[in-house]
Each structure stands twice: as structure tokens, then as C-alpha cells.
Protein chains: 2
Amino acid sequence: MKSIVIIFAIGVLTSLMVHADTNNAEIQGVISKYESALNASNADNVLKLYGNNPTFMPQHAPAQVGRTAVKQAYDNVFNTIKLDIKFSIHEVEVLGDTAWARTNSAGKTRILADNVVVNEGNNELFIFKKENGEWKIHQYLFSTNQPRQ
Amino acid sequence: MKSIVIIFAIGVLTSLMVHADTNNAEIQGVISKYESALNASNADNVLKLYGNNPTFMPQHAPAQVGRTAVKQAYDNVFNTIKLDIKFSIHEVEVLGDTAWARTNSAGKTRILADNVVVNEGNNELFIFKKENGEWKIHQYLFSTNQPRQ
């Protein structure tokens, strides 16, 4: 009887660990798709990664709440700069249908108005929500880690 | 029997709701104490609000990981500026012993080097962890929402 309980417990633990790994991998996949959409200046693809009621906090602007505002904010970004960046994921924690991740990104940005390329680097915090079985960005804040100009 | 189950279920739900409210109030209290410590330029009091293995992401610098690095970063901030800001809390979500909050802050900053006062405004994301029964800041990122200079 004891061995059955132990086998059952190991089974439950293994299932939980596999589940956590799957969620973690899915969230890393969302961040990877977000990186691709940013580098492609593709606001539609960015929006596919956001959830039903998202908040995006661009620098130098109020928090943008809701899909329409978030879409407009990314359109503004992509009308101003062309990004060429790579994300590094430092921490992902899954808590049921919510998760958070800390990342940083590094690369270059082309300022479209004057065609100048500058270093780009940011720290980021993401809050994700699982909606209809898919991880979506719920809250997203980034901030430059580059030296003050 | 059915009524006993319903009464028990209501009891459990009420207990969970009260518990959530308590956590929510405690987290609001941490943010309030953080505001006070910032406005007092008190790095020791700031550090009391951070957990065992925190990350603080100041602007224009790499992410600061660990209590020693976080303390040094706040010392640098308080050697440079004197804040006079107020936080507004937009969302707090508690998930067991983890929570997140979205806030913004607004007010004034005195640049100590030249004694100039400028507008200060940021968006913030906090990740909290309950450590030994107390909510502590685990991850913290802010980013200016003020127009580009």
C-alpha cells in the first residue's frame, strides 16, 4: 500500500513538473515571438501575443490600457524606430494561469526620422495570463538600461 | 446536509475573500512605505521593504540583483536626486505567496547637482513575495512616462 502511495505521489509530482516545464516553454515561445514581431515592426503580430485586456507601458507616455490603445502605441513605435534586438530571459515563474518573467533586451535601433542607428538596451517585466489555453501578455513594462545621453 | 455544505462553502469563500483583502491591504501598505522611504531618501528603509533576493531595475543601468547591489543603487539614486512623488495603485493581484501590482507615480524631482526641480512621472510593475509572513518587494521596474526632453 505504501509503495502504491509513493508511486502515485511520484506520478503526481512528475505530472506537475512536466506541466510547469510546458508552461515555461510556452512563455519563452511568446517572448521569442514578441522579439520577432518587434524586429519586423509588425504591430498585428504583436497584438496577437497580447490578451483580452492588456496594459503596455511605453517610455515617455502614459500606460496604454486595452487592445486598441496598445495597438496604437505599437503603431507609433514602429513609425518612429526600427528595432533589431534580442531578448535574454532571466526568470519565469508560473502561478496557475498567471506567470511573470524578467528579461532584458539588447541590440540596435534605427531612428527612422534621421536614419541614425543607436544602441538599444532595456530591462523588462512581463505579466502573462493563460486565456483559452494560450499564454498571453497581460502587462508589459520596459525601461532603458543604456547610459543617459 | 445540503445546507451544512452550503454554509461550509460560504464560510470557506468568506475566509478566502477576507484573506485576499488582508493581503491586498498589506501590499498597498508596502507601496505606501516605499513611497515614504523614497521621498525621505532613506535607502535603509527602502531595503527593509525588499526581500531576500531582490531585483531592482533603475533606469540607465543594468538590473541590480541581490540586496547589496539594490542598496548601492538606491544610495546612488539618493545621492543624485530628491524625490517628492505620490504613487497611484491601479491593480494588485495576489496568487498565493506571490503578488504583482501596477502603479504609477507622479510629482517632482530636485536634481541635487544643480538644484533644479523637474516633473517626475513613472509607470511601475512590482512582483512581491511573502517571506516569513510579510510581503516583500521581489522584482521592481519603473520607467518614465514623462515627455522626451
# chains A, B, ... in the order shown; residues from 1 in each chain; ligands from 1

call {"tool": "calpha_fit_rmsd", "arguments": {"fixed": "chain A", "moving": "chain B"}}
result
0.1 Å

call {"tool": "closest_atom_pairs", "arguments": {"of": "chain A", "to": "chain B", "cutoff": "10 Å", "atoms": "only C-alpha atoms", "output": "CSV"}}
result
residue,atom,partner,partner_atom,distance
A:Thr55,CA,B:Arg102,CA,9.4
A:Met57,CA,B:Asn123,CA,6.9
A:Pro58,CA,B:Asn145,CA,7.6
A:Gln59,CA,B:Asn145,CA,5.5
A:His60,CA,B:Asn145,CA,4.1
A:Ala61,CA,B:Asn145,CA,4.4
A:Pro62,CA,B:Asn145,CA,5.4
A:Ala63,CA,B:Asn123,CA,6.9
A:Glu93,CA,B:Thr98,CA,9.8
A:Leu95,CA,B:Leu95,CA,6.8
A:Gly96,CA,B:Leu95,CA,8.3
A:Asp97,CA,B:Leu95,CA,9.7
A:Thr98,CA,B:Leu95,CA,8.2
A:Ala99,CA,B:Leu95,CA,9.8
A:Trp100,CA,B:Ile127,CA,8.3
A:Ala101,CA,B:Ile127,CA,9.9
A:Arg102,CA,B:Gln139,CA,8.4
A:Thr103,CA,B:Ala63,CA,9.6
A:Asn104,CA,B:Ala63,CA,8.5
A:Gly121,CA,B:His60,CA,9.1
A:Asn122,CA,B:Pro62,CA,8.4
A:Asn123,CA,B:Ala63,CA,6.9
A:Glu124,CA,B:Leu141,CA,7.4
A:Leu125,CA,B:Leu141,CA,7.0
A:Phe126,CA,B:Leu125,CA,8.8
A:Ile127,CA,B:Trp100,CA,8.3
A:Gln139,CA,B:Arg102,CA,8.4
A:Tyr140,CA,B:Leu125,CA,8.4
A:Leu141,CA,B:Leu125,CA,7.0
A:Phe142,CA,B:Ser143,CA,6.7
A:Ser143,CA,B:Ser143,CA,5.0
A:Thr144,CA,B:His60,CA,5.7
A:Asn145,CA,B:His60,CA,4.1
A:Gln146,CA,B:His60,CA,4.6
A:Pro147,CA,B:His60,CA,4.7
A:Arg148,CA,B:His60,CA,5.8
A:Gln149,CA,B:His60,CA,9.3

call {"tool": "select_by_dssp", "arguments": {"residues": "region 6-129 of chain B", "states": "helix (DSSP H, G or I)", "output": "PyMOL selection string"}}
result
chain B and resi 6-39+43-49+67-80

call {"tool": "residues_around", "arguments": {"residues": "region 82-91 of chain B", "least_positions_apart": "3", "cutoff": "8 Å", "atoms": "only C-alpha atoms", "output": "list in words"}}
result
Gln28, Ile31, Ser32, Glu35, Leu38, Asn39, Ala40, Ser41, Phe78, Ala101, Arg102, Thr103, Asn104, Ser105, Ala106, Gly107, Lys108, Thr109, Arg110, Ile111, Leu112 and Glu120 of chain B

call {"tool": "select_by_dssp", "arguments": {"residues": "region 64-133 of chain A", "states": "strand (DSSP E)", "output": "ChimeraX atom specification"}}
result
/A:64-65,81-95,98-111,116-131
